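Listing of data07.cif, mmCIF, C-alpha atoms and all ligand atoms
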data_upload
#
loop_
_atom_site.label_atom_id
_atom_site.label_comp_id
_atom_site.auth_asym_id
_atom_site.auth_seq_id
_atom_site.Cartn_x
_atom_site.Cartn_y
_atom_site.Cartn_z
CA MET M 30 2.63 -58.95 20.73
CA ALA M 31 -0.57 -58.23 18.78
CA VAL M 32 -2.49 -55.53 20.58
CA SER M 33 -5.45 -53.67 19.15
CA PRO M 34 -5.48 -49.97 20.00
CA SER M 35 -8.88 -50.24 21.68
CA ASN M 36 -7.81 -52.57 24.47
CA LEU M 37 -4.33 -51.40 25.30
CA LEU M 38 -5.33 -50.26 28.78
CA ASP M 39 -6.77 -53.72 29.48
CA GLN M 40 -3.41 -55.14 28.46
CA VAL M 41 -1.67 -52.91 30.97
CA LEU M 42 -4.08 -53.99 33.71
CA ASP M 43 -3.60 -57.68 32.84
CA TYR M 44 -1.34 -59.18 35.49
CA THR M 45 0.52 -61.34 32.95
CA ASN M 46 2.00 -58.12 31.53
CA ARG M 47 3.06 -56.69 34.89
CA ALA M 48 6.76 -57.53 34.56
CA ASN M 49 7.08 -55.57 31.32
CA PRO M 50 4.28 -53.19 30.31
CA TYR M 51 6.61 -51.00 28.24
CA PRO M 52 5.91 -52.51 24.78
CA ILE M 53 2.21 -51.80 25.42
CA TYR M 54 2.98 -48.19 26.36
CA ALA M 55 4.98 -47.88 23.11
CA LYS M 56 1.91 -49.05 21.17
CA MET M 57 -0.23 -46.55 23.08
CA ARG M 58 2.01 -43.66 22.07
CA GLU M 59 1.22 -44.37 18.39
CA HIS M 60 -2.11 -42.65 19.20
CA PRO M 61 -1.16 -40.27 22.03
CA ILE M 62 -4.80 -39.75 22.98
CA GLN M 63 -7.22 -42.54 22.29
CA LEU M 64 -10.74 -43.54 23.21
CA GLN M 65 -11.01 -47.03 24.70
CA ASP M 66 -14.03 -49.21 23.99
CA ASP M 67 -15.17 -48.64 27.60
CA GLY M 68 -15.50 -44.87 27.04
CA ARG M 69 -12.28 -43.88 28.77
CA TYR M 70 -9.49 -41.84 27.19
CA VAL M 71 -5.84 -42.79 27.46
CA VAL M 72 -3.11 -40.17 27.14
CA SER M 73 0.44 -41.41 26.65
CA SER M 74 2.78 -38.90 24.96
CA TYR M 75 5.15 -36.68 26.94
CA ASN M 76 3.68 -33.51 25.44
CA LEU M 77 0.06 -34.31 26.18
CA VAL M 78 0.65 -35.66 29.69
CA SER M 79 2.71 -32.57 30.45
CA GLN M 80 -0.10 -30.34 29.16
CA LEU M 81 -3.04 -32.13 30.79
CA ILE M 82 -1.40 -32.72 34.17
CA LYS M 83 -1.45 -28.91 34.60
CA ASP M 84 -4.84 -28.30 32.96
CA PRO M 85 -7.43 -26.94 35.46
CA ARG M 86 -10.20 -28.61 33.45
CA MET M 87 -8.83 -31.99 34.61
CA SER M 88 -10.41 -33.03 37.91
CA VAL M 89 -9.06 -35.63 40.34
CA ASP M 90 -12.40 -35.71 42.16
CA MET M 91 -14.06 -38.91 41.00
CA ARG M 92 -17.37 -37.87 42.58
CA LYS M 93 -17.64 -35.67 39.47
CA SER M 94 -17.07 -38.49 36.95
CA ASN M 95 -19.83 -40.03 34.87
CA GLU M 96 -18.90 -43.63 35.76
CA PRO M 97 -21.12 -45.01 38.54
CA THR M 98 -18.56 -47.51 39.92
CA ILE M 99 -15.95 -44.77 40.28
CA ARG M 100 -18.45 -42.22 41.59
CA VAL M 101 -19.84 -44.23 44.52
CA GLU M 102 -17.24 -42.86 46.94
CA GLN M 103 -19.23 -40.04 48.56
CA GLN M 104 -17.30 -39.55 51.75
CA GLU M 105 -14.68 -36.78 52.06
CA PRO M 106 -11.69 -38.12 50.07
CA GLY M 107 -8.01 -37.45 50.74
CA PHE M 108 -6.77 -34.27 49.07
CA VAL M 109 -5.09 -36.16 46.23
CA PHE M 110 -8.69 -36.78 45.11
CA GLN M 111 -9.93 -33.23 45.66
CA ASP M 112 -9.90 -30.13 43.45
CA PRO M 113 -9.21 -26.53 44.44
CA PRO M 114 -10.02 -24.70 46.59
CA LYS M 115 -10.36 -27.51 49.16
CA HIS M 116 -7.31 -29.34 47.81
CA ASP M 117 -5.08 -26.29 48.10
CA TRP M 118 -6.12 -25.58 51.66
CA LEU M 119 -5.60 -29.15 52.91
CA ARG M 120 -2.29 -29.46 51.04
CA GLN M 121 -1.10 -26.22 52.60
CA GLN M 122 -1.94 -27.52 56.09
CA VAL M 123 0.41 -30.46 55.45
CA MET M 124 3.13 -28.54 53.61
CA SER M 125 3.46 -26.03 56.42
CA LYS M 126 4.55 -28.89 58.69
CA PHE M 127 6.35 -31.08 56.15
CA THR M 128 9.26 -28.67 55.79
CA PRO M 129 12.60 -29.34 54.03
CA GLN M 130 14.32 -28.85 57.42
CA LEU M 131 12.15 -31.53 58.99
CA ILE M 132 12.89 -33.97 56.15
CA SER M 133 16.65 -33.45 56.21
CA SER M 134 16.70 -33.78 60.00
CA LEU M 135 15.50 -37.38 59.53
CA ARG M 136 18.74 -38.51 57.83
CA PRO M 137 20.60 -39.89 60.87
CA ARG M 138 17.58 -41.88 62.05
CA LEU M 139 16.95 -43.26 58.54
CA GLU M 140 20.61 -44.30 58.28
CA GLU M 141 20.25 -46.08 61.58
CA ILE M 142 17.16 -47.98 60.39
CA VAL M 143 18.89 -48.98 57.14
CA ASN M 144 21.98 -50.23 58.97
CA GLU M 145 19.89 -52.19 61.45
CA LEU M 146 18.02 -53.87 58.60
CA LEU M 147 21.28 -54.89 56.92
CA ASP M 148 22.94 -55.89 60.20
CA ALA M 149 20.05 -58.31 60.71
CA GLN M 150 21.21 -60.13 57.55
CA HIS M 151 24.72 -60.87 58.86
CA GLY M 152 25.63 -64.51 58.28
CA GLN M 153 23.10 -64.85 55.45
CA THR M 154 23.96 -65.24 51.77
CA GLN M 155 20.56 -64.32 50.38
CA MET M 156 17.72 -62.00 51.23
CA ASP M 157 14.40 -60.70 49.99
CA ILE M 158 15.04 -57.03 49.25
CA VAL M 159 11.31 -56.26 49.62
CA ASP M 160 10.42 -57.94 52.91
CA ASN M 161 13.77 -57.44 54.63
CA PHE M 162 14.71 -54.00 53.42
CA ALA M 163 12.66 -51.89 50.99
CA TYR M 164 9.32 -52.29 52.80
CA PRO M 165 10.33 -51.95 56.49
CA LEU M 166 12.33 -48.76 55.85
CA PRO M 167 9.51 -46.50 54.55
CA VAL M 168 6.97 -48.02 56.95
CA THR M 169 9.12 -47.26 59.96
CA ALA M 170 9.92 -43.81 58.56
CA ILE M 171 6.30 -42.77 57.93
CA CYS M 172 5.10 -44.18 61.27
CA GLU M 173 7.74 -42.25 63.18
CA LEU M 174 7.20 -39.11 61.12
CA LEU M 175 3.42 -39.10 61.60
CA GLY M 176 3.48 -40.52 65.12
CA ILE M 177 1.62 -43.76 64.31
CA PRO M 178 2.52 -46.84 66.42
CA ARG M 179 4.84 -49.01 64.30
CA GLU M 180 3.46 -52.16 65.91
CA ASP M 181 0.07 -51.49 64.28
CA GLU M 182 1.59 -52.09 60.84
CA ALA M 183 0.37 -55.70 60.54
CA GLN M 184 -3.16 -54.35 60.94
CA PHE M 185 -3.12 -51.25 58.79
CA HIS M 186 -1.16 -52.93 56.01
CA ILE M 187 -4.07 -55.32 55.41
CA TRP M 188 -6.50 -52.39 55.09
CA SER M 189 -4.13 -50.44 52.89
CA THR M 190 -3.75 -53.48 50.59
CA MET M 191 -7.54 -53.74 50.33
CA ILE M 192 -7.76 -50.07 49.37
CA ILE M 193 -5.06 -50.32 46.73
CA LYS M 194 -6.49 -53.50 45.23
CA GLY M 195 -9.82 -51.75 44.82
CA SER M 196 -8.32 -48.77 43.10
CA ASN M 197 -8.10 -51.01 40.04
CA LEU M 198 -10.05 -48.37 38.18
CA GLY M 199 -13.49 -49.44 39.26
CA ARG M 200 -13.56 -52.50 37.00
CA ASP M 201 -13.84 -55.30 39.51
CA LEU M 202 -16.90 -54.63 41.65
CA GLU M 203 -15.86 -57.07 44.36
CA ALA M 204 -12.55 -55.24 44.69
CA VAL M 205 -14.37 -51.89 44.80
CA LYS M 206 -16.46 -53.20 47.70
CA GLU M 207 -13.39 -54.49 49.47
CA ALA M 208 -11.68 -51.14 49.03
CA ARG M 209 -14.61 -49.36 50.61
CA GLN M 210 -14.44 -51.75 53.55
CA GLY M 211 -10.66 -51.24 53.85
CA ARG M 212 -11.14 -47.49 53.82
CA GLU M 213 -13.75 -47.69 56.57
CA LEU M 214 -11.49 -49.84 58.74
CA LEU M 215 -8.43 -47.66 58.24
CA ASN M 216 -10.40 -44.45 58.77
CA ASN M 217 -11.90 -45.92 61.92
CA TYR M 218 -8.44 -46.83 63.24
CA MET M 219 -7.13 -43.37 62.37
CA GLY M 220 -10.11 -41.67 64.01
CA GLN M 221 -9.45 -43.49 67.26
CA LEU M 222 -5.76 -42.64 67.14
CA ILE M 223 -6.59 -38.98 66.49
CA ASP M 224 -8.99 -38.96 69.45
CA ARG M 225 -6.20 -40.32 71.68
CA ILE M 226 -3.74 -37.71 70.41
CA GLN M 227 -6.36 -35.02 70.97
CA GLN M 228 -6.34 -35.98 74.65
CA GLN M 229 -2.61 -36.40 74.86
CA PRO M 230 -0.15 -34.76 72.43
CA ARG M 231 2.76 -36.92 71.23
CA PRO M 232 5.70 -36.45 68.86
CA GLY M 233 4.92 -36.44 65.14
CA LEU M 234 3.08 -34.62 62.38
CA LEU M 235 -0.38 -35.86 63.34
CA SER M 236 -0.12 -34.32 66.75
CA ALA M 237 1.32 -31.12 65.24
CA MET M 238 -1.67 -30.85 62.89
CA ILE M 239 -4.19 -31.63 65.64
CA HIS M 240 -2.75 -29.16 68.14
CA ASP M 241 -1.94 -26.34 65.73
CA ASN M 242 -3.45 -23.19 67.18
CA THR M 243 -1.65 -20.83 64.83
CA VAL M 244 -3.87 -21.50 61.80
CA GLU M 245 -7.00 -19.51 61.08
CA LYS M 246 -9.19 -22.59 60.71
CA GLN M 247 -8.41 -26.01 62.15
CA MET M 248 -8.96 -29.16 60.12
CA ASN M 249 -12.07 -30.93 61.35
CA ARG M 250 -11.98 -34.57 62.46
CA ILE M 251 -12.90 -36.12 59.09
CA GLU M 252 -10.37 -33.91 57.28
CA LEU M 253 -7.70 -34.99 59.75
CA VAL M 254 -8.62 -38.65 59.31
CA THR M 255 -8.53 -38.67 55.50
CA THR M 256 -5.36 -36.56 55.37
CA ALA M 257 -3.57 -38.84 57.83
CA THR M 258 -4.76 -41.93 55.95
CA LEU M 259 -3.56 -40.47 52.65
CA LEU M 260 -0.11 -39.73 54.09
CA LEU M 261 0.15 -43.20 55.62
CA ILE M 262 -0.78 -45.03 52.41
CA ALA M 263 1.20 -42.73 50.09
CA GLY M 264 4.15 -42.87 52.46
CA HIS M 265 4.45 -46.62 52.66
CA GLU M 266 3.10 -48.15 49.44
CA THR M 267 5.25 -46.20 46.96
CA THR M 268 8.78 -45.75 48.30
CA VAL M 269 9.06 -49.55 48.65
CA ASN M 270 8.71 -49.72 44.86
CA LEU M 271 11.29 -47.01 44.28
CA ILE M 272 13.91 -48.84 46.36
CA THR M 273 13.02 -52.24 44.89
CA ASN M 274 12.80 -51.04 41.28
CA SER M 275 16.18 -49.32 41.73
CA THR M 276 17.76 -52.49 43.11
CA LEU M 277 16.26 -54.66 40.37
CA THR M 278 17.45 -52.27 37.66
CA LEU M 279 20.95 -52.12 39.14
CA MET M 280 21.14 -55.92 39.40
CA ARG M 281 20.22 -56.07 35.71
CA HIS M 282 23.01 -53.59 34.95
CA PRO M 283 25.99 -54.86 36.99
CA ALA M 284 28.40 -52.35 35.46
CA GLU M 285 26.19 -49.52 36.74
CA PHE M 286 26.06 -51.11 40.19
CA GLU M 287 29.85 -51.21 40.16
CA ARG M 288 29.98 -47.58 39.07
CA LEU M 289 27.66 -46.67 41.93
CA ARG M 290 29.97 -48.35 44.39
CA ARG M 291 32.92 -46.27 43.10
CA GLN M 292 30.97 -43.05 42.58
CA PRO M 293 28.10 -42.73 45.09
CA ALA M 294 27.76 -39.08 44.06
CA ILE M 295 25.70 -40.22 41.04
CA ILE M 296 22.94 -41.55 43.32
CA PRO M 297 20.60 -38.51 43.20
CA ASN M 298 20.65 -38.55 39.40
CA LEU M 299 20.30 -42.34 39.33
CA ILE M 300 17.15 -42.08 41.46
CA GLU M 301 15.65 -39.61 38.97
CA GLU M 302 16.47 -42.05 36.16
CA VAL M 303 14.69 -44.90 38.00
CA LEU M 304 11.68 -42.61 38.55
CA ARG M 305 11.65 -42.13 34.77
CA TYR M 306 12.56 -45.66 33.66
CA GLU M 307 10.64 -47.78 36.23
CA PRO M 308 8.26 -45.35 37.95
CA PRO M 309 6.62 -46.68 41.15
CA VAL M 310 3.37 -44.91 40.18
CA GLN M 311 2.68 -45.83 36.56
CA PHE M 312 -0.41 -43.75 35.81
CA THR M 313 -3.00 -41.45 37.38
CA MET M 314 -6.65 -40.76 36.75
CA ARG M 315 -8.57 -37.58 35.94
CA ASN M 316 -12.05 -36.69 34.71
CA ALA M 317 -13.13 -33.84 32.45
CA LEU M 318 -14.81 -30.93 34.25
CA THR M 319 -16.29 -29.66 30.96
CA ASP M 320 -16.70 -30.88 27.39
CA LEU M 321 -13.25 -30.71 25.81
CA THR M 322 -11.56 -31.13 22.46
CA ILE M 323 -7.98 -32.32 22.61
CA GLU M 324 -6.01 -32.91 19.41
CA GLY M 325 -9.31 -32.97 17.54
CA ILE M 326 -10.80 -35.64 19.84
CA GLN M 327 -14.00 -34.69 21.65
CA ILE M 328 -14.19 -35.61 25.30
CA PRO M 329 -17.57 -35.26 27.03
CA LYS M 330 -17.78 -33.78 30.53
CA GLY M 331 -17.32 -36.42 33.24
CA SER M 332 -15.25 -38.80 31.07
CA ILE M 333 -12.35 -40.61 32.67
CA ILE M 334 -8.94 -39.66 31.32
CA MET M 335 -5.95 -41.84 32.16
CA LEU M 336 -2.62 -40.01 32.24
CA MET M 337 0.01 -42.65 31.52
CA ASN M 338 3.03 -41.18 33.31
CA ALA M 339 5.16 -44.28 32.66
CA ALA M 340 4.44 -44.13 28.91
CA ALA M 341 5.29 -40.42 28.77
CA ASN M 342 8.53 -41.11 30.63
CA ARG M 343 9.71 -43.26 27.72
CA ASP M 344 8.52 -41.05 24.88
CA PRO M 345 11.28 -40.97 22.22
CA ALA M 346 10.00 -37.54 21.13
CA HIS M 347 11.27 -36.22 24.46
CA PHE M 348 14.02 -38.56 25.68
CA GLN M 349 16.96 -39.80 23.69
CA ASP M 350 17.17 -43.60 23.70
CA PRO M 351 14.31 -43.80 26.24
CA ASP M 352 14.42 -47.57 26.79
CA ARG M 353 18.03 -47.37 27.95
CA PHE M 354 18.73 -47.07 31.67
CA ASN M 355 21.30 -44.30 31.93
CA PRO M 356 21.96 -43.18 35.52
CA VAL M 357 23.97 -40.17 34.32
CA ARG M 358 21.34 -38.98 31.85
CA PRO M 359 21.20 -35.17 31.97
CA ALA M 360 18.06 -33.11 32.74
CA ILE M 361 15.60 -35.90 33.53
CA GLU M 362 12.17 -34.28 33.63
CA HIS M 363 9.96 -37.24 34.42
CA PHE M 364 6.41 -37.70 35.72
CA GLY M 365 7.43 -40.12 38.47
CA PHE M 366 6.11 -37.72 41.10
CA GLY M 367 3.29 -36.38 38.89
CA GLY M 368 3.13 -32.67 38.10
CA GLY M 369 1.04 -29.53 38.51
CA ILE M 370 -0.87 -28.87 41.72
CA HIS M 371 -0.89 -32.55 42.75
CA TYR M 372 2.89 -32.94 42.52
CA CYS M 373 3.96 -35.41 45.22
CA VAL M 374 4.15 -33.93 48.70
CA GLY M 375 6.48 -36.72 49.82
CA ALA M 376 9.04 -36.40 47.00
CA PRO M 377 11.86 -35.05 49.23
CA LEU M 378 11.29 -37.82 51.79
CA ALA M 379 11.13 -40.54 49.12
CA ARG M 380 14.35 -39.24 47.53
CA LEU M 381 16.10 -39.15 50.89
CA GLU M 382 15.04 -42.70 51.80
CA ALA M 383 16.10 -44.06 48.40
CA ASP M 384 19.42 -42.21 48.63
CA ILE M 385 20.26 -43.69 52.01
CA ALA M 386 19.05 -47.17 51.02
CA LEU M 387 21.05 -47.30 47.77
CA ARG M 388 24.21 -45.91 49.34
CA ALA M 389 24.06 -48.66 51.99
CA LEU M 390 23.31 -51.44 49.50
CA ALA M 391 26.18 -50.38 47.24
CA ARG M 392 28.58 -50.26 50.17
CA ARG M 393 27.50 -53.30 52.12
CA LEU M 394 26.11 -55.90 49.72
CA ILE M 395 29.13 -57.77 48.36
CA ASN M 396 28.71 -59.32 44.91
CA PRO M 397 24.91 -59.39 44.79
CA ARG M 398 23.07 -61.41 42.12
CA LEU M 399 19.40 -61.74 41.23
CA LEU M 400 17.98 -65.14 42.04
CA GLN M 401 14.80 -64.69 40.02
CA ASP M 402 14.34 -62.51 36.96
CA PRO M 403 11.69 -61.32 36.35
CA PRO M 404 10.65 -61.34 39.99
CA PRO M 405 7.02 -61.90 41.05
CA TYR M 406 5.16 -58.57 40.94
CA ARG M 407 2.62 -57.01 43.28
CA GLU M 408 -0.87 -57.14 41.87
CA SER M 409 -1.40 -53.40 41.37
CA PRO M 410 -0.81 -52.07 37.84
CA THR M 411 -0.70 -48.51 39.21
CA LEU M 412 1.64 -48.88 42.18
CA ARG M 413 3.88 -51.24 40.27
CA GLY M 414 6.85 -53.07 41.76
CA PRO M 415 8.11 -56.54 42.71
CA ARG M 416 6.37 -58.35 45.58
CA HIS M 417 9.63 -60.16 46.31
CA LEU M 418 13.15 -59.58 45.07
CA LEU M 419 15.47 -62.41 45.98
CA VAL M 420 19.18 -61.67 45.77
CA SER M 421 22.19 -63.75 46.75
CA PHE M 422 25.50 -62.24 47.87
CA GLU M 423 28.87 -63.25 49.26
CA ARG M 424 28.37 -61.39 52.52
CA ILE M 425 27.14 -58.21 54.17
CA ALA M 426 30.03 -55.84 54.84
C1 LIG Q 1 0.99 -37.36 45.10
C2 LIG Q 1 4.29 -40.52 43.51
C3 LIG Q 1 6.06 -41.00 48.01
C4 LIG Q 1 2.50 -38.22 49.64
C5 LIG Q 1 1.74 -38.16 44.28
C6 LIG Q 1 1.59 -38.28 42.86
C7 LIG Q 1 2.50 -39.17 42.41
C8 LIG Q 1 3.26 -39.62 43.56
C9 LIG Q 1 2.72 -39.62 40.97
C10 LIG Q 1 0.57 -37.51 41.98
C11 LIG Q 1 -0.78 -38.17 41.94
C12 LIG Q 1 -1.68 -37.55 40.90
O1 LIG Q 1 -1.24 -36.74 40.07
O2 LIG Q 1 -2.88 -37.89 40.87
C13 LIG Q 1 5.04 -40.92 44.60
C14 LIG Q 1 6.19 -41.80 44.52
C15 LIG Q 1 6.68 -41.93 45.79
C16 LIG Q 1 5.85 -41.13 46.65
C17 LIG Q 1 6.70 -42.43 43.24
C18 LIG Q 1 7.86 -42.72 46.28
C19 LIG Q 1 8.84 -43.07 45.55
C20 LIG Q 1 5.28 -40.27 48.85
C21 LIG Q 1 5.48 -40.13 50.26
C22 LIG Q 1 4.45 -39.37 50.72
C23 LIG Q 1 3.63 -39.00 49.58
C24 LIG Q 1 6.65 -40.73 51.05
C25 LIG Q 1 4.12 -38.89 52.10
C26 LIG Q 1 4.88 -38.84 53.08
C27 LIG Q 1 1.80 -37.78 48.55
C28 LIG Q 1 0.62 -36.92 48.65
C29 LIG Q 1 0.19 -36.67 47.34
C30 LIG Q 1 1.10 -37.39 46.46
C31 LIG Q 1 0.01 -36.40 49.93
C32 LIG Q 1 -1.00 -35.82 46.92
C33 LIG Q 1 -0.53 -34.44 46.54
C34 LIG Q 1 -1.66 -33.53 46.09
O3 LIG Q 1 -2.72 -34.01 45.64
O4 LIG Q 1 -1.49 -32.31 46.19
N1 LIG Q 1 2.78 -38.99 44.69
N2 LIG Q 1 4.87 -40.55 45.90
N3 LIG Q 1 4.16 -39.57 48.46
N4 LIG Q 1 2.06 -38.03 47.22
FE1 LIG Q 1 3.52 -39.20 46.57
#
Go through the file and emit its structure as structure tokens.
Amino acid sequence: MAVSPSNLLDQVLDYTNRANPYPIYAKMREHPIQLQDDGRYVVSSYNLVSQLIKDPRMSVDMRKSNEPTIRVEQQEPGFVFQDPPKHDWLRQQVMSKFTPQLISSLRPRLEEIVNELLDAQHGQTQMDIVDNFAYPLPVTAICELLGIPREDEAQFHIWSTMIIKGSNLGRDLEAVKEARQGRELLNNYMGQLIDRIQQQPRPGLLSAMIHDNTVEKQMNRIELVTTATLLLIAGHETTVNLITNSTLTLMRHPAEFERLRRQPAIIPNLIEEVLRYEPPVQFTMRNALTDLTIEGIQIPKGSIIMLMNAAANRDPAHFQDPDRFNPVRPAIEHFGFGGGIHYCVGAPLARLEADIALRALARRLINPRLLQDPPPYRESPTLRGPRHLLVSFERIA
């Protein structure tokens, strides 16, 4: 594929490259930091991503960027788009409730959900892994965890899709508008739910955050709304890709699927390898808080800097044989969950869900085969994963 260095990011965004962006990332790494013709900088080597993801001069707050289409969002954003000190305070409010004990206590209920989803396929010989399995699991899990009515999913999924579509880096102005509308609708829904919980406590994290009297300063209503919205979107639009990308990769490597069936103990390492090899979040965005010089390249204050986590994850300078899927690869330090102060809050939950899902698939799906390869992908280049994944099988055990 002939790609000129100046438009490599456009190539990644182009839907026709969604099924396999990795050759483009390899081209990007030839110039680990490069200026695009639209004034943005793209960072793609392991070393530089690792350095910049922890650099306090990198802001996630797009209200500080010099690009008008990115900057328009003036309302209080979720804390993934806020810098310290506000970020640290909001994150701490969530982390104090989102404890490892709470996450591990969810295992029996998650196993039940997974088994119910597979039981529903009895008598079938094919299924869509996305619609019938990988999507309903995290949605049910995050709704129950937060205390959001599961039956509202049809509604909030539409708004969440609008938001994600518009986070296509501010290029498509129609999509940006739609995202703003989606955000308003979802925030409005969440505000009403929070008001109801304020009146009447119910199980779940939202209620725990609303009725927490132990903290020095309570989150105000808008902070509660954007934090809850962030958790809902992050909790249901990403784990679906981890489960689906894992299943797709295993179907493409039948010997590894067989090994998994015999040796389920490799699952935790296998999940880390999928997070490296087919990360559900492919890249993240920052802007420069000051004028910077990185590797001799001058970056003016306010410039957008794309950190290409998925490219760094396959950097041959860091990983041996990076394009090979190796579920027993040792010491996999990937950027699948980001890094630095914005490292994913939901990582333990995502790992647990994927663990339970893959264990069940390996045990219960007898002789599965892909019916379509490559599968059709979701539109988003950032939250990348199949929209459908059709598999056939002999039976469900
Ligand atoms: C942050 C990936 C699941 C909540 C992040 C970031 C990544 C990521 C890459 C860093 C963003 C950045 O640097 O700009 C993933 C993946 C998941 C997943 C791949 C599933 C496989 C979840 C779940 C939740 C969650 C289940 C919530 C329950 C968050 C939050 C942040 C975050 C709140 C912001 C953290 C901060 O700014 O301090 N995630 N995530 N994620 N994730 Fe996840």
- Message: Please determine, counting only C-alpha atoms and all ligand atoms, which residue among M:Gly264, M:Pro405, M:Gly195, M:Gly331 has the shortest atom-to-atom distance to ligand LIG 1 (chain Q).
- Response: M:Gly264
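For the set M:Asn298, M:Gly367, M:His151, M:Ser409, the residue with the smallest atom-to-atom gap to M:Ile192 is M:Ser409, counting all atoms listed in the file.
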- Between atom CA of M:Gln80 and atom C12 of ligand LIG 1 (chain Q) lies a distance of 13.9 Å
Where does chain M meet ligand LIG 1 (chain Q) within 8 Å, residue by residue, with the nearest atom pair and distance in Å to one decimal for each, counting only C-alpha atoms and all ligand atoms, listed by chain and rising number, as CSV?
residue,atom,partner,partner_atom,distance
M:Ile82,CA,Q:LIG1,O1,7.1
M:Val89,CA,Q:LIG1,O2,6.6
M:Phe108,CA,Q:LIG1,O3,5.3
M:Val109,CA,Q:LIG1,O3,3.3
M:Phe110,CA,Q:LIG1,O3,6.6
M:Gln111,CA,Q:LIG1,O3,7.3
M:His116,CA,Q:LIG1,O4,6.7
M:Asp117,CA,Q:LIG1,O4,7.3
M:Arg120,CA,Q:LIG1,O4,5.7
M:Pro167,CA,Q:LIG1,C24,7.3
M:Ile171,CA,Q:LIG1,C26,6.4
M:Thr256,CA,Q:LIG1,C31,7.6
M:Leu259,CA,Q:LIG1,C31,6.1
M:Leu260,CA,Q:LIG1,C25,4.7
M:Leu261,CA,Q:LIG1,C25,6.8
M:Ile262,CA,Q:LIG1,C25,7.9
M:Ala263,CA,Q:LIG1,C23,4.5
M:Gly264,CA,Q:LIG1,C24,3.6
M:His265,CA,Q:LIG1,C24,6.5
M:Glu266,CA,Q:LIG1,C3,7.9
M:Thr267,CA,Q:LIG1,C18,4.4
M:Thr268,CA,Q:LIG1,C18,3.8
M:Val269,CA,Q:LIG1,C19,7.2
M:Asn270,CA,Q:LIG1,C19,6.7
M:Leu271,CA,Q:LIG1,C19,4.8
M:Ile272,CA,Q:LIG1,C19,7.7
M:Leu304,CA,Q:LIG1,C17,6.8
M:Pro308,CA,Q:LIG1,C17,6.2
M:Pro309,CA,Q:LIG1,C17,4.7
M:Val310,CA,Q:LIG1,C17,5.2
M:Gln311,CA,Q:LIG1,C9,7.6
M:Phe312,CA,Q:LIG1,C9,7.3
M:Thr313,CA,Q:LIG1,O2,5.0
M:Met314,CA,Q:LIG1,O2,6.3
M:Arg315,CA,Q:LIG1,O2,7.5
M:Asn338,CA,Q:LIG1,C9,7.8
M:Phe364,CA,Q:LIG1,C9,6.7
M:Gly365,CA,Q:LIG1,C17,5.3
M:Phe366,CA,Q:LIG1,C9,3.9
M:Gly367,CA,Q:LIG1,C9,3.9
M:Gly368,CA,Q:LIG1,O1,6.3
M:Gly369,CA,Q:LIG1,O1,7.7
M:Ile370,CA,Q:LIG1,O4,5.7
M:His371,CA,Q:LIG1,O4,3.5
M:Tyr372,CA,Q:LIG1,C10,5.2
M:Cys373,CA,Q:LIG1,C1,3.6
M:Val374,CA,Q:LIG1,C27,4.5
M:Gly375,CA,Q:LIG1,C22,3.5
M:Ala376,CA,Q:LIG1,C3,5.6
M:Pro377,CA,Q:LIG1,C24,7.9
M:Leu378,CA,Q:LIG1,C24,5.5
M:Ala379,CA,Q:LIG1,C18,4.8
M:Arg380,CA,Q:LIG1,C19,7.0
M:Ala383,CA,Q:LIG1,C19,7.9
Proximity check stretch 246-352 of chain M to stretch 388-392 of chain M, 7 Å, nearest pairs one decimal Å, all atoms listed in the file, as a Markdown table:
| residue | atom | partner | partner_atom | distance |
| --- | --- | --- | --- | --- |
| M:Leu289 | CA | M:Ala391 | CA | 6.6 |
| M:Arg290 | CA | M:Ala391 | CA | 5.2 |
| M:Pro293 | CA | M:Arg388 | CA | 6.6 |
If we count all atoms listed in the file and set the cut-off at 10 Å, which residues sit around M:Asn249, ignoring sequence neighbours fewer than 4 positions away in its own chain? Please answer as a PDB file with C-alpha atoms, in the coordinates of the input.
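Saved result, out-v4.pdb, follows:
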ATOM      1  CA  ILE M 239      -4.190 -31.630  65.640  1.00  0.00           C
ATOM      2  CA  LEU M 253      -7.700 -34.990  59.750  1.00  0.00           C
ATOM      3  CA  VAL M 254      -8.620 -38.650  59.310  1.00  0.00           C
TER       4      VAL M 254
END
- Note on the structure: The distance between atom CA of M:Asp67 and atom CA of M:Asn36 is 8.9 Å
- atom CA of M:Leu119 and atom CA of M:Ile187 are how many Å apart? 26.3 Å
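Minimum distance to M:Met248 across M:His60, M:Lys115, M:Lys83, M:His417 (counting all atoms listed in the file) occurs at M:Lys115.
Remark: for M:Leu318, the closest of the candidate residues M:Pro85, M:Ala163, M:Gln63, M:Arg225 is M:Pro85 (distances computed over only C-alpha atoms).
For stretch 343-356 of chain M, the non-local neighbours within 7 Å, defined as residues at least 3 positions apart in the same chain or in other chains and counting only C-alpha atoms, are Ser74, Tyr75, Asn298, Leu299, Glu302, Tyr306, Ala339 and Ala340 of chain M.
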- Message: If we count all atoms listed in the file and set the cut-off at 7 Å, which residues sit around M:Glu140, ignoring sequence neighbours fewer than 4 positions away in its own chain? Please answer as a list of chain:residue names.
- Response: M:Arg136, M:Asn144, M:Ile385
What box, with edges along x, y and z, holds each listed atom of stretch 406-413 of chain M when 6 Å is added on every side, and can you state its centre and edge lengths in Å to one decimal, as AutoDock Vina command-line options?
--center_x 1.9 --center_y -53.5 --center_z 40.6 --size_x 18.6 --size_y 22.1 --size_z 17.4
- Task: Check the smallest atom-to-atom distance from each of M:Met335, M:Asp402, M:Trp188, M:Gly220 to M:Leu37 using only C-alpha atoms, then report the winner.
- Result: M:Met335
